[in-house]
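First the structure, in the form of structure tokens, and then the observations on it.
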Amino acid sequence: MYHWVLRKRVRALWRKVGRGEFEYAITLASEDIRFRFIGDTPISAEFTGRDRFRQWFEDLFDLFPGLRLTLTDVVSRGWPWRTTVAVRLSITATLADGSIYRNEATQWLMLKWGRMMTDDVLEDTKELDRACRIQSLNL
């Protein structure tokens, strides 16, 4: 039952974040969340802290206005004091040159009593880097 409720909450979270309403994700993060966006792109990051987590989301949606993130799958395991959640996302955006950006990402979370403790995200960095270059040329 716990995992059914948890997956339902994760789906609700991604419906909001997918529309650019990322503040809900910030409220679910622990004060000392450890976040990593893996790769070598302008949005790649590795840091600790909720304030920096908020800033990363702000920067992401500034770089990609109209970005859409859609959850396609979620799995979870573990107990409430240490839960692992894996998420698969579909990503789309209209870039500054009018082309469409499409990508996929996976997210690996560790939760403790419903709070995000760690968040690791991996996206196709070659495609992401191309999109970032288009956006930066047209700012």
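FYI, nothing fancy with the structure tokens labels: chains A, B, ... in order, residues from 1 per chain, ligands from 1 as they appear.
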
Using DSSP on the backbone coordinates, identify all residues within chain A classified as helix (DSSP H, G or I); present the result as a compact mmCIF listing (two decimals) with N, CA and C atoms, in the first residue's frame.
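Below is the file that was written, part29.txt:
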```
# COMPACT_ATOMS: atom_id res chain seq x y z
N TYR A 2 1.95 1.26 0.80
CA TYR A 2 2.85 2.41 0.88
C TYR A 2 3.36 2.80 -0.49
N HIS A 3 3.83 1.83 -1.28
CA HIS A 3 4.41 2.13 -2.58
C HIS A 3 3.35 2.61 -3.57
N TRP A 4 2.14 2.11 -3.48
CA TRP A 4 1.07 2.59 -4.34
C TRP A 4 0.81 4.08 -4.08
N VAL A 5 0.72 4.46 -2.80
CA VAL A 5 0.49 5.86 -2.43
C VAL A 5 1.68 6.72 -2.85
N LEU A 6 2.88 6.21 -2.62
CA LEU A 6 4.08 6.95 -2.98
C LEU A 6 4.14 7.21 -4.48
N ARG A 7 3.90 6.20 -5.28
CA ARG A 7 3.93 6.38 -6.73
C ARG A 7 2.86 7.37 -7.19
N LYS A 8 1.71 7.35 -6.55
CA LYS A 8 0.65 8.31 -6.86
C LYS A 8 1.13 9.73 -6.56
N ARG A 9 1.80 9.92 -5.43
CA ARG A 9 2.34 11.24 -5.07
C ARG A 9 3.43 11.69 -6.04
N VAL A 10 4.28 10.75 -6.47
CA VAL A 10 5.33 11.09 -7.43
C VAL A 10 4.70 11.51 -8.77
N ARG A 11 3.66 10.82 -9.20
CA ARG A 11 2.97 11.21 -10.44
C ARG A 11 2.38 12.62 -10.31
N ALA A 12 1.77 12.91 -9.17
CA ALA A 12 1.20 14.24 -8.94
C ALA A 12 2.29 15.31 -8.94
N LEU A 13 3.42 14.99 -8.31
CA LEU A 13 4.56 15.91 -8.30
C LEU A 13 5.01 16.24 -9.71
N TRP A 14 5.18 15.20 -10.53
CA TRP A 14 5.68 15.44 -11.89
C TRP A 14 4.66 16.12 -12.79
N ARG A 15 3.36 15.96 -12.51
CA ARG A 15 2.37 16.74 -13.25
C ARG A 15 2.60 18.23 -13.01
N LYS A 16 2.88 18.60 -11.77
CA LYS A 16 3.13 20.00 -11.44
C LYS A 16 4.46 20.48 -12.01
N VAL A 17 5.53 19.74 -11.73
CA VAL A 17 6.85 20.14 -12.21
C VAL A 17 6.85 20.19 -13.74
N GLY A 18 6.17 19.26 -14.37
CA GLY A 18 6.10 19.22 -15.83
C GLY A 18 5.46 20.44 -16.44
N GLU A 23 8.01 24.56 -7.49
CA GLU A 23 8.10 24.90 -6.06
C GLU A 23 7.66 23.74 -5.17
N TYR A 24 6.71 22.94 -5.64
CA TYR A 24 6.27 21.78 -4.86
C TYR A 24 7.43 20.81 -4.63
N ALA A 25 8.26 20.62 -5.64
CA ALA A 25 9.43 19.74 -5.49
C ALA A 25 10.38 20.29 -4.43
N ILE A 26 10.51 21.60 -4.38
CA ILE A 26 11.40 22.22 -3.40
C ILE A 26 10.89 21.93 -1.98
N THR A 27 9.58 22.01 -1.79
CA THR A 27 9.03 21.77 -0.45
C THR A 27 9.21 20.32 0.00
N LEU A 28 9.36 19.40 -0.95
CA LEU A 28 9.56 18.00 -0.60
C LEU A 28 11.02 17.63 -0.39
N ARG A 50 18.71 23.06 -0.37
CA ARG A 50 17.40 23.36 -0.96
C ARG A 50 17.41 24.68 -1.74
N ASP A 51 18.11 25.71 -1.24
CA ASP A 51 18.13 26.99 -1.95
C ASP A 51 18.77 26.85 -3.33
N ARG A 52 19.87 26.11 -3.38
CA ARG A 52 20.54 25.89 -4.66
C ARG A 52 19.66 25.04 -5.58
N PHE A 53 18.91 24.11 -5.01
CA PHE A 53 17.96 23.27 -5.77
C PHE A 53 16.93 24.17 -6.44
N ARG A 54 16.37 25.12 -5.72
CA ARG A 54 15.41 26.07 -6.28
C ARG A 54 16.05 26.87 -7.42
N GLN A 55 17.27 27.35 -7.19
CA GLN A 55 17.96 28.15 -8.20
C GLN A 55 18.19 27.35 -9.48
N TRP A 56 18.52 26.06 -9.32
CA TRP A 56 18.73 25.22 -10.50
C TRP A 56 17.46 25.13 -11.32
N PHE A 57 16.32 24.91 -10.68
CA PHE A 57 15.04 24.86 -11.40
C PHE A 57 14.74 26.20 -12.07
N GLU A 58 14.97 27.31 -11.38
CA GLU A 58 14.73 28.62 -11.97
C GLU A 58 15.58 28.81 -13.22
N ASP A 59 16.86 28.44 -13.13
CA ASP A 59 17.76 28.56 -14.28
C ASP A 59 17.31 27.66 -15.43
N LEU A 60 16.87 26.45 -15.12
CA LEU A 60 16.41 25.51 -16.14
C LEU A 60 15.23 26.09 -16.91
N PHE A 61 14.21 26.59 -16.19
CA PHE A 61 13.02 27.10 -16.86
C PHE A 61 13.27 28.46 -17.51
N ASP A 62 14.30 29.19 -17.07
CA ASP A 62 14.71 30.41 -17.78
C ASP A 62 15.36 30.07 -19.11
N LEU A 63 16.20 29.04 -19.10
CA LEU A 63 16.88 28.62 -20.32
C LEU A 63 15.92 27.99 -21.32
N THR A 125 22.97 13.62 -22.88
CA THR A 125 23.71 14.88 -22.83
C THR A 125 24.08 15.42 -24.20
N LYS A 126 24.22 14.56 -25.20
CA LYS A 126 24.55 15.05 -26.53
C LYS A 126 23.39 15.90 -27.07
N GLU A 127 22.19 15.39 -26.95
CA GLU A 127 21.01 16.13 -27.42
C GLU A 127 20.77 17.37 -26.56
N LEU A 128 20.95 17.23 -25.26
CA LEU A 128 20.77 18.37 -24.35
C LEU A 128 21.78 19.47 -24.66
N ASP A 129 23.02 19.13 -24.88
CA ASP A 129 24.05 20.12 -25.18
C ASP A 129 23.71 20.88 -26.47
N ARG A 130 23.20 20.17 -27.48
CA ARG A 130 22.80 20.81 -28.74
C ARG A 130 21.69 21.83 -28.46
N ALA A 131 20.72 21.45 -27.66
CA ALA A 131 19.61 22.35 -27.33
C ALA A 131 20.11 23.57 -26.54
N CYS A 132 21.02 23.35 -25.60
CA CYS A 132 21.56 24.46 -24.81
C CYS A 132 22.30 25.44 -25.71
N ARG A 133 23.05 24.93 -26.68
CA ARG A 133 23.78 25.82 -27.60
C ARG A 133 22.80 26.67 -28.41
N ILE A 134 21.73 26.07 -28.89
CA ILE A 134 20.71 26.83 -29.64
C ILE A 134 20.12 27.93 -28.76
N GLN A 135 19.79 27.56 -27.54
CA GLN A 135 19.19 28.55 -26.63
C GLN A 135 20.16 29.70 -26.32
N SER A 136 21.43 29.38 -26.07
CA SER A 136 22.38 30.41 -25.71
C SER A 136 22.70 31.34 -26.88
N LEU A 137 22.64 30.83 -28.10
CA LEU A 137 22.87 31.65 -29.29
C LEU A 137 21.73 32.63 -29.54
```

Selection: 6 Å around range 64-76 of chain A, only C-alpha atoms, excl. self and same-chain fewer than 6 positions, as a ChimeraX atom specification: /A:18,84-93

Those of range 79-115 of chain A in DSSP strand (DSSP E or B), formatted as a ChimeraX atom specification: /A:79,82-94,100-112,115

Residues from the last selection, N, CA, C and O atoms, saved as an mmCIF file, in the first residue's frame:
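Everything below was put into selection_39.cif:
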```
data_model
loop_
_atom_site.group_PDB
_atom_site.id
_atom_site.type_symbol
_atom_site.label_atom_id
_atom_site.label_comp_id
_atom_site.auth_asym_id
_atom_site.auth_seq_id
_atom_site.Cartn_x
_atom_site.Cartn_y
_atom_site.Cartn_z
ATOM 1 N N TRP A 79 11.548 0.959 2.531
ATOM 2 C CA TRP A 79 10.681 1.323 3.644
ATOM 3 C C TRP A 79 10.612 2.830 3.764
ATOM 4 O O TRP A 79 11.452 3.539 3.214
ATOM 5 N N ARG A 82 13.785 4.713 4.284
ATOM 6 C CA ARG A 82 14.794 4.671 3.216
ATOM 7 C C ARG A 82 14.134 4.074 1.978
ATOM 8 O O ARG A 82 14.136 2.864 1.774
ATOM 9 N N THR A 83 13.598 4.946 1.153
ATOM 10 C CA THR A 83 12.881 4.527 -0.048
ATOM 11 C C THR A 83 13.663 4.956 -1.277
ATOM 12 O O THR A 83 14.125 6.096 -1.362
ATOM 13 N N THR A 84 13.792 4.055 -2.228
ATOM 14 C CA THR A 84 14.403 4.370 -3.508
ATOM 15 C C THR A 84 13.292 4.504 -4.539
ATOM 16 O O THR A 84 12.393 3.655 -4.606
ATOM 17 N N VAL A 85 13.362 5.572 -5.332
ATOM 18 C CA VAL A 85 12.380 5.813 -6.381
ATOM 19 C C VAL A 85 13.136 6.047 -7.687
ATOM 20 O O VAL A 85 14.077 6.835 -7.734
ATOM 21 N N ALA A 86 12.722 5.347 -8.734
ATOM 22 C CA ALA A 86 13.283 5.555 -10.068
ATOM 23 C C ALA A 86 12.174 6.080 -10.971
ATOM 24 O O ALA A 86 11.057 5.567 -10.963
ATOM 25 N N VAL A 87 12.501 7.108 -11.734
ATOM 26 C CA VAL A 87 11.533 7.786 -12.588
ATOM 27 C C VAL A 87 12.095 7.861 -14.005
ATOM 28 O O VAL A 87 13.295 8.061 -14.197
ATOM 29 N N ARG A 88 11.218 7.704 -14.960
ATOM 30 C CA ARG A 88 11.578 7.898 -16.369
ATOM 31 C C ARG A 88 10.748 9.054 -16.888
ATOM 32 O O ARG A 88 9.532 9.103 -16.673
ATOM 33 N N LEU A 89 11.401 9.999 -17.573
ATOM 34 C CA LEU A 89 10.752 11.219 -18.043
ATOM 35 C C LEU A 89 10.899 11.395 -19.542
ATOM 36 O O LEU A 89 11.924 11.030 -20.120
ATOM 37 N N SER A 90 9.894 11.999 -20.127
ATOM 38 C CA SER A 90 9.930 12.455 -21.514
ATOM 39 C C SER A 90 10.003 13.978 -21.469
ATOM 40 O O SER A 90 9.286 14.616 -20.691
ATOM 41 N N ILE A 91 10.863 14.562 -22.296
ATOM 42 C CA ILE A 91 11.125 15.999 -22.246
ATOM 43 C C ILE A 91 10.883 16.606 -23.623
ATOM 44 O O ILE A 91 11.356 16.063 -24.627
ATOM 45 N N THR A 92 10.166 17.718 -23.661
ATOM 46 C CA THR A 92 9.958 18.449 -24.915
ATOM 47 C C THR A 92 10.013 19.945 -24.645
ATOM 48 O O THR A 92 9.665 20.409 -23.553
ATOM 49 N N ALA A 93 10.443 20.680 -25.654
ATOM 50 C CA ALA A 93 10.448 22.145 -25.595
ATOM 51 C C ALA A 93 10.579 22.666 -27.017
ATOM 52 O O ALA A 93 11.155 22.001 -27.882
ATOM 53 N N THR A 94 10.061 23.840 -27.242
ATOM 54 C CA THR A 94 10.295 24.542 -28.501
ATOM 55 C C THR A 94 11.493 25.449 -28.272
ATOM 56 O O THR A 94 11.491 26.279 -27.359
ATOM 57 N N ILE A 100 12.094 21.668 -32.394
ATOM 58 C CA ILE A 100 11.552 20.974 -31.227
ATOM 59 C C ILE A 100 12.655 20.148 -30.571
ATOM 60 O O ILE A 100 13.362 19.388 -31.246
ATOM 61 N N TYR A 101 12.768 20.310 -29.281
ATOM 62 C CA TYR A 101 13.713 19.525 -28.481
ATOM 63 C C TYR A 101 12.955 18.368 -27.864
ATOM 64 O O TYR A 101 11.916 18.554 -27.243
ATOM 65 N N ARG A 102 13.464 17.163 -28.050
ATOM 66 C CA ARG A 102 12.900 15.961 -27.440
ATOM 67 C C ARG A 102 14.043 15.177 -26.800
ATOM 68 O O ARG A 102 15.104 15.022 -27.398
ATOM 69 N N ASN A 103 13.768 14.681 -25.612
ATOM 70 C CA ASN A 103 14.786 13.909 -24.926
ATOM 71 C C ASN A 103 14.115 13.019 -23.892
ATOM 72 O O ASN A 103 12.905 13.107 -23.678
ATOM 73 N N GLU A 104 14.901 12.163 -23.280
ATOM 74 C CA GLU A 104 14.448 11.312 -22.192
ATOM 75 C C GLU A 104 15.436 11.450 -21.055
ATOM 76 O O GLU A 104 16.613 11.731 -21.273
ATOM 77 N N ALA A 105 14.934 11.245 -19.844
ATOM 78 C CA ALA A 105 15.805 11.308 -18.669
ATOM 79 C C ALA A 105 15.366 10.251 -17.670
ATOM 80 O O ALA A 105 14.213 9.814 -17.671
ATOM 81 N N THR A 106 16.295 9.870 -16.829
ATOM 82 C CA THR A 106 15.977 9.021 -15.691
ATOM 83 C C THR A 106 16.392 9.763 -14.426
ATOM 84 O O THR A 106 17.336 10.552 -14.436
ATOM 85 N N GLN A 107 15.654 9.515 -13.383
ATOM 86 C CA GLN A 107 15.905 10.148 -12.098
ATOM 87 C C GLN A 107 15.942 9.037 -11.045
ATOM 88 O O GLN A 107 15.098 8.146 -11.046
ATOM 89 N N TRP A 108 16.905 9.123 -10.169
ATOM 90 C CA TRP A 108 17.068 8.158 -9.095
ATOM 91 C C TRP A 108 17.034 8.946 -7.791
ATOM 92 O O TRP A 108 17.892 9.792 -7.547
ATOM 93 N N LEU A 109 16.021 8.695 -6.973
ATOM 94 C CA LEU A 109 15.819 9.426 -5.726
ATOM 95 C C LEU A 109 15.987 8.512 -4.525
ATOM 96 O O LEU A 109 15.636 7.337 -4.589
ATOM 97 N N MET A 110 16.455 9.089 -3.432
ATOM 98 C CA MET A 110 16.415 8.397 -2.152
ATOM 99 C C MET A 110 15.602 9.284 -1.222
ATOM 100 O O MET A 110 15.885 10.479 -1.069
ATOM 101 N N LEU A 111 14.544 8.709 -0.672
ATOM 102 C CA LEU A 111 13.657 9.429 0.227
ATOM 103 C C LEU A 111 13.814 8.906 1.649
ATOM 104 O O LEU A 111 14.081 7.719 1.857
ATOM 105 N N LYS A 112 13.606 9.793 2.601
ATOM 106 C CA LYS A 112 13.580 9.418 4.012
ATOM 107 C C LYS A 112 12.349 10.087 4.606
ATOM 108 O O LYS A 112 12.270 11.312 4.644
ATOM 109 N N ARG A 115 10.832 12.785 2.395
ATOM 110 C CA ARG A 115 11.689 13.905 1.995
ATOM 111 C C ARG A 115 12.768 13.414 1.036
ATOM 112 O O ARG A 115 13.397 12.385 1.269
#
```

Pick from A:Asp124, A:Leu95, A:Thr118, A:Trp81 nearest to Ile33 in chain A, counting only C-alpha atoms: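 Of A:Asp124, A:Leu95, A:Thr118, A:Trp81, the one nearest Ile33 in chain A, counting only C-alpha atoms, is A:Thr118.
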
Counting only C-alpha atoms, the residue of A:Gly49, A:Gly98, A:Phe37, A:Arg19 that sits nearest Met116 in chain A: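 Between A:Gly49, A:Gly98, A:Phe37, A:Arg19, the residue approaching Met116 in chain A most closely is A:Gly49.
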
Length of the CA of Pro80 in chain A to CA of Arg36 in chain A vector [Å]: 22.5 Å

Separation of CA of Phe47 in chain A from CA of Gly78 in chain A in Å: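 Atom-to-atom, CA of Gly78 in chain A to CA of Phe47 in chain A, that is 25.0 Å.
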
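If you look at CA of Glu123 in chain A and CA of Asp97 in chain A, they are 21.5 Å away from each other.
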